[in-house]
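Shown next: work.cif, containing mmCIF, C-alpha atoms and all ligand atoms.
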data_protein
loop_
_atom_site.label_atom_id
_atom_site.label_comp_id
_atom_site.auth_asym_id
_atom_site.auth_seq_id
_atom_site.Cartn_x
_atom_site.Cartn_y
_atom_site.Cartn_z
CA MET A 22 0.42 -17.22 -29.05
CA SER A 23 -1.82 -14.15 -29.08
CA GLU A 24 -2.91 -12.26 -25.94
CA SER A 25 -6.48 -13.49 -26.43
CA GLU A 26 -5.36 -17.14 -26.49
CA LEU A 27 -3.32 -16.53 -23.35
CA LEU A 28 -6.36 -14.91 -21.73
CA ALA A 29 -8.55 -17.92 -22.54
CA ARG A 30 -5.98 -20.27 -21.01
CA HIS A 31 -5.65 -17.95 -17.99
CA ARG A 32 -9.43 -17.99 -17.44
CA ALA A 33 -9.57 -21.79 -17.75
CA VAL A 34 -6.91 -22.58 -15.19
CA LEU A 35 -6.67 -19.63 -12.76
CA PRO A 36 -9.39 -18.70 -10.25
CA ASN A 37 -12.31 -16.47 -11.27
CA TRP A 38 -11.57 -14.15 -8.35
CA LEU A 39 -8.07 -13.31 -9.59
CA ALA A 40 -8.88 -9.78 -10.81
CA LEU A 41 -7.55 -8.66 -14.20
CA TYR A 42 -7.46 -5.03 -15.36
CA TYR A 43 -8.82 -3.83 -18.75
CA ASP A 44 -11.39 -5.17 -21.22
CA GLU A 45 -8.42 -6.64 -23.07
CA PRO A 46 -5.88 -7.54 -20.36
CA LEU A 47 -2.26 -6.57 -20.83
CA GLU A 48 0.80 -8.77 -20.97
CA ILE A 49 3.90 -6.74 -20.09
CA VAL A 50 7.01 -8.16 -21.69
CA ARG A 51 9.63 -5.40 -21.35
CA ALA A 52 10.18 -2.39 -19.10
CA GLN A 53 12.62 0.48 -18.72
CA GLY A 54 12.58 3.51 -16.46
CA ARG A 55 8.91 4.37 -15.83
CA ARG A 56 7.71 2.73 -19.06
CA VAL A 57 6.43 -0.77 -19.77
CA THR A 58 5.86 -2.44 -23.15
CA ASP A 59 3.17 -5.02 -23.90
CA SER A 60 3.38 -8.07 -26.17
CA SER A 61 2.00 -6.12 -29.14
CA GLY A 62 4.83 -3.59 -28.84
CA THR A 63 2.81 -0.72 -27.30
CA THR A 64 4.64 1.26 -24.61
CA TYR A 65 2.90 2.89 -21.63
CA LEU A 66 3.93 5.33 -18.93
CA ASP A 67 3.36 3.36 -15.72
CA PHE A 68 1.45 5.30 -13.05
CA PHE A 69 0.59 2.31 -10.89
CA ALA A 70 4.07 0.73 -10.67
CA GLY A 71 2.69 -2.78 -10.28
CA ILE A 72 0.53 -1.67 -7.32
CA LEU A 73 3.41 0.35 -5.87
CA THR A 74 5.92 -2.49 -6.09
CA ASN A 75 8.31 -0.62 -8.39
CA ALA A 76 9.45 2.13 -6.03
CA ILE A 77 12.31 3.12 -8.32
CA GLY A 78 11.27 1.96 -11.77
CA TYR A 79 12.36 -0.72 -14.19
CA ASP A 80 15.76 -1.95 -15.30
CA VAL A 81 17.79 0.00 -12.75
CA ALA A 82 21.46 -1.00 -13.17
CA GLU A 83 22.38 -0.76 -9.47
CA ILE A 84 19.56 -3.15 -8.52
CA SER A 85 19.98 -5.57 -11.41
CA ASP A 86 23.75 -5.74 -10.71
CA ALA A 87 23.19 -6.56 -7.03
CA ILE A 88 20.75 -9.33 -7.94
CA ARG A 89 22.99 -10.62 -10.74
CA ALA A 90 26.01 -10.82 -8.40
CA GLN A 91 24.01 -13.05 -6.08
CA VAL A 92 22.73 -15.19 -8.97
CA ASP A 93 26.28 -15.53 -10.34
CA SER A 94 27.45 -16.93 -7.00
CA GLY A 95 25.24 -19.96 -7.70
CA VAL A 96 23.29 -19.45 -4.49
CA LEU A 97 19.71 -18.39 -5.24
CA HIS A 98 18.89 -19.67 -1.82
CA THR A 99 19.93 -22.39 0.55
CA SER A 100 18.22 -21.79 3.86
CA THR A 101 17.69 -19.15 6.47
CA LEU A 102 18.97 -21.83 8.87
CA TYR A 103 22.35 -20.47 7.75
CA LEU A 104 23.60 -16.92 8.01
CA VAL A 105 22.58 -14.60 5.16
CA ARG A 106 24.81 -11.52 5.13
CA LYS A 107 22.46 -9.22 3.18
CA GLN A 108 19.55 -10.19 5.44
CA VAL A 109 21.51 -8.96 8.48
CA GLU A 110 22.64 -5.75 6.77
CA LEU A 111 19.14 -4.96 5.50
CA ALA A 112 17.59 -5.65 8.91
CA GLU A 113 20.10 -3.28 10.57
CA GLN A 114 19.23 -0.56 8.08
CA ILE A 115 15.44 -0.97 8.45
CA ALA A 116 15.67 -1.16 12.26
CA GLN A 117 17.60 2.10 12.27
CA LEU A 118 15.23 3.81 9.80
CA SER A 119 12.16 2.67 11.75
CA GLY A 120 12.74 4.95 14.73
CA ILE A 121 11.38 2.13 16.92
CA PRO A 122 13.53 1.66 20.04
CA ASP A 123 15.48 -1.65 20.21
CA ALA A 124 13.88 -2.66 16.92
CA LYS A 125 14.18 -6.14 15.42
CA VAL A 126 13.16 -7.22 11.92
CA PHE A 127 11.61 -10.40 10.53
CA PHE A 128 11.47 -10.89 6.75
CA THR A 129 8.57 -12.47 4.87
CA ASN A 130 7.67 -12.87 1.19
CA SER A 131 4.61 -10.60 1.12
CA GLY A 132 2.60 -7.93 2.89
CA THR A 133 0.00 -10.49 3.90
CA GLU A 134 2.55 -12.61 5.71
CA ALA A 135 4.03 -9.50 7.33
CA ASN A 136 0.63 -8.54 8.77
CA GLU A 137 -0.14 -12.12 9.81
CA THR A 138 3.16 -12.11 11.69
CA ALA A 139 2.50 -8.75 13.35
CA LEU A 140 -0.97 -9.89 14.44
CA MET A 141 0.44 -13.17 15.74
CA LEU A 142 3.08 -11.29 17.75
CA ALA A 143 0.61 -8.75 19.16
CA THR A 144 -2.05 -11.32 20.12
CA GLN A 145 0.58 -13.56 21.70
CA TYR A 146 2.24 -10.68 23.57
CA ARG A 147 -1.05 -9.34 24.90
CA ARG A 148 -2.62 -12.81 25.38
CA SER A 149 -5.76 -11.58 23.62
CA ASN A 150 -7.29 -12.43 20.24
CA GLN A 151 -9.12 -9.11 19.95
CA VAL A 152 -7.90 -6.50 17.50
CA LEU A 153 -9.09 -3.15 16.20
CA ALA A 154 -8.94 -2.27 12.52
CA MET A 155 -10.13 0.70 10.50
CA ARG A 156 -13.27 0.69 8.42
CA ASN A 157 -12.46 0.36 4.70
CA SER A 158 -8.99 -1.07 5.39
CA TYR A 159 -7.07 -3.77 3.49
CA HIS A 160 -4.43 -5.92 5.17
CA GLY A 161 -4.02 -9.04 3.06
CA ARG A 162 -5.50 -12.31 1.93
CA ALA A 163 -4.66 -14.97 4.53
CA PHE A 164 -6.76 -16.18 7.42
CA ALA A 165 -6.31 -13.38 9.97
CA THR A 166 -5.76 -10.55 7.50
CA ILE A 167 -8.66 -11.34 5.18
CA GLY A 168 -10.96 -11.49 8.18
CA ILE A 169 -9.98 -8.09 9.57
CA THR A 170 -9.96 -6.31 6.20
CA GLY A 171 -12.70 -3.67 6.48
CA ASN A 172 -13.87 -3.76 2.87
CA ARG A 173 -16.33 -6.49 1.93
CA GLY A 174 -15.20 -6.45 -1.70
CA TRP A 175 -11.83 -7.83 -0.58
CA SER A 176 -12.85 -9.88 2.43
CA ALA A 177 -13.87 -13.29 1.13
CA SER A 178 -13.98 -14.92 4.57
CA SER A 179 -15.07 -13.82 8.02
CA LEU A 180 -13.73 -16.97 9.66
CA SER A 181 -10.80 -15.13 11.16
CA PRO A 182 -8.85 -16.43 14.16
CA VAL A 183 -8.97 -12.90 15.60
CA LYS A 184 -12.02 -11.03 16.78
CA VAL A 185 -12.13 -7.66 15.08
CA SER A 186 -13.89 -4.38 15.87
CA TYR A 187 -13.82 -1.55 13.35
CA VAL A 188 -13.02 2.08 14.07
CA GLN A 189 -14.00 5.22 12.11
CA GLY A 190 -11.40 7.38 10.38
CA GLY A 191 -10.74 5.38 7.21
CA TYR A 192 -12.81 6.87 4.41
CA ARG A 193 -13.47 10.46 5.33
CA TYR A 194 -14.97 11.53 1.99
CA ARG A 195 -18.06 9.42 2.64
CA ASP A 196 -18.05 8.45 6.32
CA ALA A 197 -20.41 9.60 9.07
CA PHE A 198 -18.14 12.46 10.20
CA ARG A 199 -17.36 13.82 6.71
CA ASN A 200 -18.72 17.30 7.34
CA LEU A 201 -16.55 18.04 10.37
CA SER A 202 -13.40 20.18 10.49
CA ASP A 203 -10.06 18.36 10.89
CA ALA A 204 -9.97 18.93 14.65
CA ASP A 205 -13.60 17.90 15.16
CA TYR A 206 -13.11 14.88 12.87
CA VAL A 207 -10.17 13.70 14.99
CA ARG A 208 -12.23 14.20 18.16
CA ALA A 209 -15.24 12.32 16.73
CA CYS A 210 -13.12 9.36 15.58
CA THR A 211 -11.31 9.24 18.94
CA ASP A 212 -14.66 9.24 20.78
CA ASP A 213 -15.76 6.44 18.45
CA LEU A 214 -12.57 4.48 19.27
CA ARG A 215 -13.37 4.77 22.98
CA ASP A 216 -16.98 3.78 22.36
CA VAL A 217 -15.95 0.74 20.26
CA LEU A 218 -13.54 -0.33 23.01
CA GLU A 219 -16.16 0.00 25.72
CA THR A 220 -19.07 -1.56 23.81
CA THR A 221 -17.64 -4.23 21.51
CA THR A 222 -14.54 -5.52 23.32
CA SER A 223 -13.56 -6.69 26.77
CA GLY A 224 -10.92 -3.93 26.89
CA ASP A 225 -7.89 -6.20 26.78
CA VAL A 226 -7.46 -5.70 23.03
CA ALA A 227 -4.12 -6.76 21.51
CA ALA A 228 -3.59 -4.07 18.88
CA LEU A 229 -4.95 -1.49 16.51
CA ILE A 230 -3.72 -2.13 12.99
CA ALA A 231 -4.05 0.73 10.49
CA GLU A 232 -2.78 1.98 7.15
CA PRO A 233 -1.64 5.62 7.60
CA ILE A 234 -3.11 6.27 4.13
CA GLN A 235 -5.50 3.55 2.95
CA GLY A 236 -4.30 1.96 -0.27
CA VAL A 237 -6.85 -0.47 -1.71
CA GLY A 238 -9.49 1.66 0.05
CA GLY A 239 -8.82 4.54 -2.35
CA PHE A 240 -5.84 6.56 -1.05
CA ASN A 241 -7.75 8.08 1.86
CA VAL A 242 -5.74 10.54 3.89
CA PRO A 243 -6.84 11.07 7.51
CA PRO A 244 -6.05 14.42 9.17
CA ASP A 245 -2.50 14.56 10.55
CA GLY A 246 -2.65 13.79 14.26
CA LEU A 247 -5.49 11.25 14.09
CA PHE A 248 -3.21 8.41 15.13
CA ALA A 249 -1.59 10.51 17.87
CA ALA A 250 -5.05 11.05 19.38
CA PHE A 251 -5.77 7.33 18.98
CA LYS A 252 -2.47 6.42 20.61
CA GLU A 253 -3.35 8.30 23.80
CA VAL A 254 -6.43 6.08 24.15
CA LEU A 255 -4.53 2.93 23.18
CA ASP A 256 -1.87 3.68 25.80
CA GLU A 257 -4.52 3.92 28.51
CA TYR A 258 -5.54 0.34 27.71
CA GLY A 259 -2.03 -0.98 26.93
CA ILE A 260 -3.09 -1.68 23.33
CA LEU A 261 -0.32 -1.91 20.72
CA LEU A 262 -0.23 0.17 17.52
CA ILE A 263 0.72 -1.62 14.28
CA SER A 264 1.25 0.64 11.28
CA ASP A 265 0.71 -1.18 7.97
CA GLU A 266 3.28 0.62 5.80
CA VAL A 267 2.97 -1.79 2.86
CA GLN A 268 1.94 1.11 0.58
CA THR A 269 3.02 4.19 2.57
CA GLY A 270 6.61 3.21 3.40
CA TRP A 271 9.94 4.11 1.75
CA GLY A 272 9.23 7.85 1.42
CA ARG A 273 6.35 7.51 -1.02
CA THR A 274 4.21 10.02 0.89
CA GLY A 275 6.90 12.64 0.28
CA GLU A 276 6.67 14.20 3.74
CA HIS A 277 8.10 11.32 5.73
CA PHE A 278 9.87 8.02 5.27
CA TRP A 279 6.98 6.16 6.96
CA GLY A 280 3.36 7.25 6.64
CA ILE A 281 2.70 7.08 10.38
CA GLN A 282 5.33 9.77 11.01
CA ALA A 283 2.84 12.39 9.76
CA HIS A 284 1.05 11.79 13.06
CA GLY A 285 4.10 12.26 15.27
CA VAL A 286 3.83 8.84 16.88
CA THR A 287 6.11 5.83 17.01
CA PRO A 288 4.19 2.57 16.60
CA ASP A 289 5.06 -0.69 18.35
CA ALA A 290 5.42 -2.42 15.01
CA MET A 291 5.39 -1.58 11.31
CA THR A 292 4.80 -3.95 8.44
CA PHE A 293 6.25 -3.45 4.98
CA ALA A 294 6.49 -5.10 1.53
CA LYS A 295 5.82 -3.90 -2.05
CA GLY A 296 8.32 -1.12 -2.89
CA LEU A 297 11.23 -2.53 -0.87
CA GLY A 298 11.99 -5.23 -3.43
CA ASN A 299 11.45 -2.97 -6.46
CA GLY A 300 9.63 -5.97 -7.95
CA LEU A 301 11.15 -8.83 -5.95
CA ALA A 302 8.98 -10.64 -3.41
CA ILE A 303 9.93 -9.38 0.05
CA GLY A 304 8.06 -8.09 3.07
CA GLY A 305 8.53 -7.99 6.80
CA VAL A 306 7.84 -6.67 10.26
CA VAL A 307 9.94 -4.26 12.27
CA ALA A 308 8.94 -4.22 15.93
CA ARG A 309 10.15 -3.42 19.41
CA GLY A 310 12.59 -6.17 20.38
CA GLU A 311 10.53 -7.19 23.37
CA LEU A 312 7.47 -7.68 21.17
CA MET A 313 9.41 -9.48 18.42
CA ASP A 314 11.00 -11.84 20.93
CA SER A 315 7.79 -12.54 22.84
CA ILE A 316 7.28 -15.89 21.13
CA THR A 317 9.52 -18.64 22.39
CA ALA A 318 8.76 -21.50 19.99
CA ASN A 319 10.89 -21.81 16.85
CA SER A 320 9.55 -20.17 13.73
CA ILE A 321 11.08 -19.75 10.29
CA SER A 322 10.06 -18.60 6.84
CA THR A 323 11.68 -20.85 4.23
CA PHE A 324 12.11 -18.05 1.70
CA GLY A 325 11.72 -14.92 3.86
CA GLY A 326 15.03 -13.04 3.86
CA ASN A 327 16.58 -15.12 1.06
CA PRO A 328 19.84 -13.88 -0.49
CA VAL A 329 18.40 -12.74 -3.86
CA SER A 330 15.48 -10.78 -2.38
CA THR A 331 17.59 -9.18 0.35
CA ALA A 332 20.36 -8.27 -2.12
CA GLY A 333 17.78 -6.59 -4.40
CA ALA A 334 16.05 -4.91 -1.46
CA LYS A 335 19.31 -3.61 -0.01
CA ALA A 336 20.23 -2.10 -3.39
CA THR A 337 16.73 -0.59 -3.66
CA LEU A 338 16.90 0.98 -0.22
CA ASP A 339 20.41 2.35 -0.84
CA TYR A 340 19.24 3.80 -4.17
CA LEU A 341 16.14 5.48 -2.86
CA LEU A 342 18.02 7.02 0.08
CA SER A 343 21.02 8.22 -1.94
CA HIS A 344 18.82 9.77 -4.68
CA ASP A 345 16.39 11.51 -2.28
CA LEU A 346 13.39 9.87 -3.91
CA GLN A 347 11.28 10.97 -0.95
CA GLY A 348 12.05 14.58 -1.94
CA ASN A 349 11.13 13.83 -5.55
CA ALA A 350 7.88 12.16 -4.44
CA ALA A 351 7.00 15.35 -2.56
CA LYS A 352 7.84 17.56 -5.54
CA GLN A 353 6.12 15.55 -8.30
CA GLY A 354 3.20 14.71 -6.01
CA ALA A 355 2.55 18.40 -5.31
CA ARG A 356 2.51 19.12 -9.06
CA LEU A 357 0.13 16.26 -9.72
CA LEU A 358 -2.23 17.34 -6.93
CA THR A 359 -2.35 20.91 -8.22
CA GLY A 360 -2.90 19.77 -11.80
CA LEU A 361 -5.61 17.30 -10.83
CA ARG A 362 -7.42 19.82 -8.62
CA ASP A 363 -7.49 22.13 -11.61
CA ILE A 364 -8.99 19.30 -13.72
CA ALA A 365 -11.54 18.59 -10.96
CA GLU A 366 -12.79 22.18 -11.19
CA ARG A 367 -13.51 21.75 -14.88
CA TYR A 368 -15.10 18.28 -14.91
CA ASP A 369 -17.75 17.38 -12.34
CA VAL A 370 -17.24 13.65 -12.93
CA VAL A 371 -14.36 14.22 -10.45
CA GLY A 372 -15.78 14.36 -6.93
CA ASP A 373 -12.56 14.44 -4.94
CA VAL A 374 -8.79 14.64 -5.41
CA ARG A 375 -6.67 13.66 -2.42
CA GLY A 376 -3.31 12.22 -1.49
CA LYS A 377 0.21 12.85 -0.33
CA GLY A 378 3.40 12.51 -2.34
CA LEU A 379 3.02 9.87 -5.02
CA MET A 380 -0.17 8.34 -3.63
CA ILE A 381 -2.97 10.29 -5.26
CA GLY A 382 -6.63 9.28 -5.49
CA VAL A 383 -9.22 10.73 -7.88
CA GLU A 384 -12.76 9.79 -6.85
CA LEU A 385 -15.28 9.68 -9.70
CA VAL A 386 -18.94 10.43 -9.12
CA GLU A 387 -22.30 10.62 -10.85
CA PRO A 388 -23.91 14.07 -11.20
CA ASP A 389 -25.73 13.51 -7.89
CA GLY A 390 -22.47 12.67 -6.11
CA VAL A 391 -22.97 8.90 -5.77
CA PRO A 392 -19.92 6.72 -6.57
CA SER A 393 -19.38 6.04 -10.29
CA PRO A 394 -17.43 2.79 -10.76
CA GLU A 395 -18.34 2.83 -14.46
CA SER A 396 -16.54 6.18 -14.89
CA ALA A 397 -13.46 4.71 -13.21
CA ARG A 398 -13.58 1.72 -15.55
CA LEU A 399 -13.81 4.08 -18.54
CA VAL A 400 -10.95 6.29 -17.31
CA LEU A 401 -8.79 3.17 -17.10
CA GLU A 402 -9.60 2.32 -20.73
CA GLU A 403 -9.20 5.91 -21.95
CA THR A 404 -5.83 6.40 -20.25
CA ARG A 405 -4.59 3.07 -21.58
CA ALA A 406 -5.60 4.06 -25.10
CA ARG A 407 -3.48 7.21 -24.67
CA GLY A 408 -0.46 5.33 -23.28
CA LEU A 409 -0.86 5.65 -19.49
CA LEU A 410 -1.45 2.91 -16.93
CA VAL A 411 -3.25 3.88 -13.72
CA GLY A 412 -4.81 1.93 -10.85
CA LYS A 413 -8.29 1.63 -9.45
CA GLY A 414 -9.57 1.21 -5.91
CA GLY A 415 -11.96 2.42 -3.25
CA LEU A 416 -14.85 0.77 -1.45
CA HIS A 417 -17.03 1.28 -4.55
CA GLY A 418 -14.31 0.76 -7.16
CA ASN A 419 -14.69 4.38 -8.28
CA VAL A 420 -11.29 5.81 -7.33
CA ILE A 421 -8.43 6.19 -9.81
CA ARG A 422 -5.14 5.55 -8.02
CA LEU A 423 -1.94 7.23 -9.18
CA ALA A 424 1.29 5.84 -7.73
CA PRO A 425 4.15 5.97 -10.25
CA PRO A 426 7.76 4.98 -9.50
CA MET A 427 9.35 7.61 -7.27
CA THR A 428 11.98 8.46 -9.92
CA LEU A 429 9.26 10.23 -11.94
CA THR A 430 10.53 13.20 -13.98
CA ASP A 431 8.99 16.64 -14.59
CA ASP A 432 8.24 15.74 -18.21
CA GLU A 433 6.51 12.50 -17.25
CA THR A 434 4.37 14.32 -14.68
CA GLY A 435 3.30 16.78 -17.36
CA GLU A 436 2.63 13.98 -19.86
CA ALA A 437 0.46 12.07 -17.36
CA LEU A 438 -1.52 15.17 -16.41
CA GLU A 439 -2.33 15.87 -20.05
CA ILE A 440 -3.45 12.26 -20.66
CA LEU A 441 -5.55 12.31 -17.49
CA ARG A 442 -7.19 15.57 -18.52
CA GLU A 443 -8.04 14.24 -21.99
CA SER A 444 -9.31 10.93 -20.57
CA ILE A 445 -11.47 12.55 -17.90
CA ALA A 446 -12.85 14.97 -20.52
CA ALA A 447 -13.72 12.00 -22.77
CA VAL A 448 -15.52 10.21 -19.92
CA GLN A 449 -17.40 13.37 -19.00
CA GLU A 450 -18.36 13.88 -22.66
CA ALA A 451 -19.57 10.27 -23.03
CA ARG A 452 -22.00 10.87 -20.19
CA LYS A 453 -23.96 13.52 -22.13
N1 LIG B 501 -1.36 -4.28 3.38
C1 LIG B 501 -1.62 -3.33 2.49
C2 LIG B 501 -1.84 -1.92 2.98
C3 LIG B 501 -1.72 -3.62 1.13
O1 LIG B 501 -2.00 -2.66 0.25
C4 LIG B 501 -1.49 -4.95 0.70
C5 LIG B 501 -1.56 -5.35 -0.77
N2 LIG B 501 -2.36 -4.60 -1.59
C6 LIG B 501 -1.22 -5.92 1.66
C7 LIG B 501 -1.15 -5.55 2.99
C8 LIG B 501 -0.99 -7.34 1.27
O2 LIG B 501 0.23 -7.46 0.61
P1 LIG B 501 0.52 -8.70 -0.35
O3 LIG B 501 -0.40 -8.60 -1.52
O4 LIG B 501 1.97 -8.54 -0.68
O5 LIG B 501 0.27 -9.94 0.44
#
Please, can you express the file's structure as structure tokens?
Amino acid sequence: MSESELLARHRAVLPNWLALYYDEPLEIVRAQGRRVTDSSGTTYLDFFAGILTNAIGYDVAEISDAIRAQVDSGVLHTSTLYLVRKQVELAEQIAQLSGIPDAKVFFTNSGTEANETALMLATQYRRSNQVLAMRNSYHGRAFATIGITGNRGWSASSLSPVKVSYVQGGYRYRDAFRNLSDADYVRACTDDLRDVLETTTSGDVAALIAEPIQGVGGFNVPPDGLFAAFKEVLDEYGILLISDEVQTGWGRTGEHFWGIQAHGVTPDAMTFAKGLGNGLAIGGVVARGELMDSITANSISTFGGNPVSTAGAKATLDYLLSHDLQGNAAKQGARLLTGLRDIAERYDVVGDVRGKGLMIGVELVEPDGVPSPESARLVLEETRARGLLVGKGGLHGNVIRLAPPMTLTDDETGEALEILRESIAAVQEARK
């Protein structure tokens, strides 16, 4: 069956809102290292890593062996009503890495479920259904998380069980405070937080949930210290801080293991998913024990923490720690940023280059500076034609997102930079 036949069948039976990349969507059938191969035999360097799910890359022996050993035992899963050894070991490791005092961990199957759980815990603990979220945020696609997501393109329903108020500090490149210095920006956003609390809430808010670097929103990096300034205000009101580390966790930002650590604060809870499974479905919440244990009814996730996912995740975590992939993310990320800033100087279709570690956003603009989603679409096609897969994002769909596996090599960084330069030049040229 050809890719076009598969596409027709896909369109007929799957929802219209299930987004597909590329004019001619890809079917990946094989993968190795940082490269994936489609059904026509074309191989691509993968700079989106399945939306940051492949922290380490493809076909990693240590991870495949750990999964295979579990499969060979015959037990894919029975139930989390029984003890699961790898679940306990993985939870101990994440609790310790979290830096959260007396931390406990609950495993889910996705980032959405992780955030739903964190919101449920925080609203229950604080006996309030009010939460704060950042403008231009993304937190998932279930009832609470879709409602609080601060980006209308991804928020199909406003019928959320929580009442949300939005705070500034998400999308600095285009927000109201964009012309301020770092220190003044932090002050303005903190004043806004206070104002939002005093004017749109009754004060007894459960939590602020925030991505330390916005993912879907276009890899927006707030000034270091923003969340420390926020936390001072939150502490005055007794409001909890939930850091959504679904994209920023596991050392991807290069500087720190968790994105929130750039701000020098310890949150009450962190949520995680994506990279931990290196492709397997796993997510979770790590929270202060008192918060985690604040619900008294029974609750269970049938598949959350299952033996296959936790075996794969444990092997992934061990691999990324023992190979200092955080250090490599810092090194390759710095090279990419420098190379892309150089490209930005030469082609004015690039309005902004930003990021930390291996989370780098390239915002594309029209000559008058307005967002150019069409340029982003074209860069996706041009890079694909040259053998590179990249992501897209941003409120206006005009940001190219680069987030390769963290095992990226020097040669691959150079190869990607050259393809990006050629592709951006082609898009700039097509505009004339
Ligand atoms: N939080 C963030 C920051 C995300 O980027 C995502 C997914 N893009 C989610 C939550 C939801 O995760 P999932 O798709 O695994 O439900």
**OP:** Check which residues fall inside 6 Å of ligand LIG 501 (chain B) when counting all atoms listed in the file, and print them as a ChimeraX atom specification.
**Re:** /A:131-133,159-161,232,236-237,265,267-268
For the residues in that selection, give me C-alpha atoms as a compact mmCIF listing (two decimals), in the frame of the given file.
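Writing done, so here's result.txt:
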# COMPACT_ATOMS: atom_id res chain seq x y z
CA SER A 131 4.61 -10.60 1.12
CA GLY A 132 2.60 -7.93 2.89
CA THR A 133 0.00 -10.49 3.90
CA TYR A 159 -7.07 -3.77 3.49
CA HIS A 160 -4.43 -5.92 5.17
CA GLY A 161 -4.02 -9.04 3.06
CA GLU A 232 -2.78 1.98 7.15
CA GLY A 236 -4.30 1.96 -0.27
CA VAL A 237 -6.85 -0.47 -1.71
CA ASP A 265 0.71 -1.18 7.97
CA VAL A 267 2.97 -1.79 2.86
CA GLN A 268 1.94 1.11 0.58
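What separates CA of Gly304 in chain A from CA of Ile77 in chain A is a distance of 16.5 Å.
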What are the closest atom pairs, with distances in Å to one decimal, for each residue of range 310-416 of chain A lying within 7 Å of range 285-298 of chain A, using all atoms listed in the file, rows by chain and rising residue number, as JSON lines?
{"residue": "A:Ser330", "atom": "CA", "partner": "A:Gly298", "partner_atom": "CA", "distance": 6.6}
{"residue": "A:Gly333", "atom": "CA", "partner": "A:Gly298", "partner_atom": "CA", "distance": 6.0}
{"residue": "A:Ala334", "atom": "CA", "partner": "A:Gly298", "partner_atom": "CA", "distance": 4.5}
{"residue": "A:Thr337", "atom": "CA", "partner": "A:Leu297", "partner_atom": "CA", "distance": 6.5}
{"residue": "A:Leu338", "atom": "CA", "partner": "A:Leu297", "partner_atom": "CA", "distance": 6.7}
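Between CA of Asn200 in chain A and CA of Pro244 in chain A the separation is 13.1 Å.
Nearest to Phe248 in chain A of all the residues A:Leu438, A:Ala52, A:Met155, A:Ile316 is A:Met155, counting all atoms listed in the file.
Going from CA of Leu214 in chain A to CA of Asp256 in chain A covers 12.6 Å.
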Subject >> Which residue of A:Glu257, A:Glu48, A:Asp203, A:Asp245 approaches Leu218 in chain A most closely, using all atoms listed in the file >> reply: A:Glu257
If we count all atoms listed in the file, what is near Ala446 in chain A at a cut-off of 12 Å, once residues fewer than 5 positions away on the same chain are taken out, given as a PDB file with C-alpha atoms, keeping the file's coordinate frame?
ATOM      1  CA  ILE A 364      -8.990  19.300 -13.720  1.00  0.00           C
ATOM      2  CA  ALA A 365     -11.540  18.590 -10.960  1.00  0.00           C
ATOM      3  CA  GLU A 366     -12.790  22.180 -11.190  1.00  0.00           C
ATOM      4  CA  ARG A 367     -13.510  21.750 -14.880  1.00  0.00           C
ATOM      5  CA  TYR A 368     -15.100  18.280 -14.910  1.00  0.00           C
ATOM      6  CA  ASP A 369     -17.750  17.380 -12.340  1.00  0.00           C
ATOM      7  CA  VAL A 370     -17.240  13.650 -12.930  1.00  0.00           C
ATOM      8  CA  VAL A 371     -14.360  14.220 -10.450  1.00  0.00           C
ATOM      9  CA  SER A 396     -16.540   6.180 -14.890  1.00  0.00           C
ATOM     10  CA  LEU A 399     -13.810   4.080 -18.540  1.00  0.00           C
ATOM     11  CA  VAL A 400     -10.950   6.290 -17.310  1.00  0.00           C
ATOM     12  CA  GLU A 403      -9.200   5.910 -21.950  1.00  0.00           C
ATOM     13  CA  THR A 404      -5.830   6.400 -20.250  1.00  0.00           C
ATOM     14  CA  GLU A 439      -2.330  15.870 -20.050  1.00  0.00           C
ATOM     15  CA  ILE A 440      -3.450  12.260 -20.660  1.00  0.00           C
ATOM     16  CA  LEU A 441      -5.550  12.310 -17.490  1.00  0.00           C
ATOM     17  CA  ALA A 451     -19.570  10.270 -23.030  1.00  0.00           C
ATOM     18  CA  ARG A 452     -22.000  10.870 -20.190  1.00  0.00           C
ATOM     19  CA  LYS A 453     -23.960  13.520 -22.130  1.00  0.00           C
TER      20      LYS A 453
END
**OP:** Pick out the closest residue to Ser444 in chain A from this set: A:Gly272, A:Pro394, A:Gly372, A:Gly408. Count all atoms listed in the file.
**Re:** A:Gly408
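Shortest atom-to-atom contact with Lys413 in chain A among A:Gly378, A:Ser343, A:Ser181, A:Gly239: A:Gly239, counting all atoms listed in the file.
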**OP:** Would you mind listing what lies within 10 Å of Ser85 in chain A as a PyMOL selection string, with only C-alpha atoms counted and same-chain residues fewer than 3 positions away left out?
**Re:** chain A and resi 79-82+88-90+332-333+336-337
Convert the current residue selection to file output with C-alpha atoms, as a tab-separated table (two decimals), in the frame of the given file.
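File written: out.tsv
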chain	number	residue	atom	x	y	z
A	79	TYR	CA	12.36	-0.72	-14.19
A	80	ASP	CA	15.76	-1.95	-15.30
A	81	VAL	CA	17.79	0.00	-12.75
A	82	ALA	CA	21.46	-1.00	-13.17
A	88	ILE	CA	20.75	-9.33	-7.94
A	89	ARG	CA	22.99	-10.62	-10.74
A	90	ALA	CA	26.01	-10.82	-8.40
A	332	ALA	CA	20.36	-8.27	-2.12
A	333	GLY	CA	17.78	-6.59	-4.40
A	336	ALA	CA	20.23	-2.10	-3.39
A	337	THR	CA	16.73	-0.59	-3.66
Please return, as a tab-separated table (two decimals) with C-alpha atoms, in the coordinates of the input, all polymer residues that have at least one atom within 10 Å of the point (-7.0, -17.4, -4.8); use only C-alpha atoms and the file's own coordinate frame.
chain	number	residue	atom	x	y	z
A	35	LEU	CA	-6.67	-19.63	-12.76
A	36	PRO	CA	-9.39	-18.70	-10.25
A	37	ASN	CA	-12.31	-16.47	-11.27
A	38	TRP	CA	-11.57	-14.15	-8.35
A	39	LEU	CA	-8.07	-13.31	-9.59
A	40	ALA	CA	-8.88	-9.78	-10.81
A	162	ARG	CA	-5.50	-12.31	1.93
A	163	ALA	CA	-4.66	-14.97	4.53
A	177	ALA	CA	-13.87	-13.29	1.13
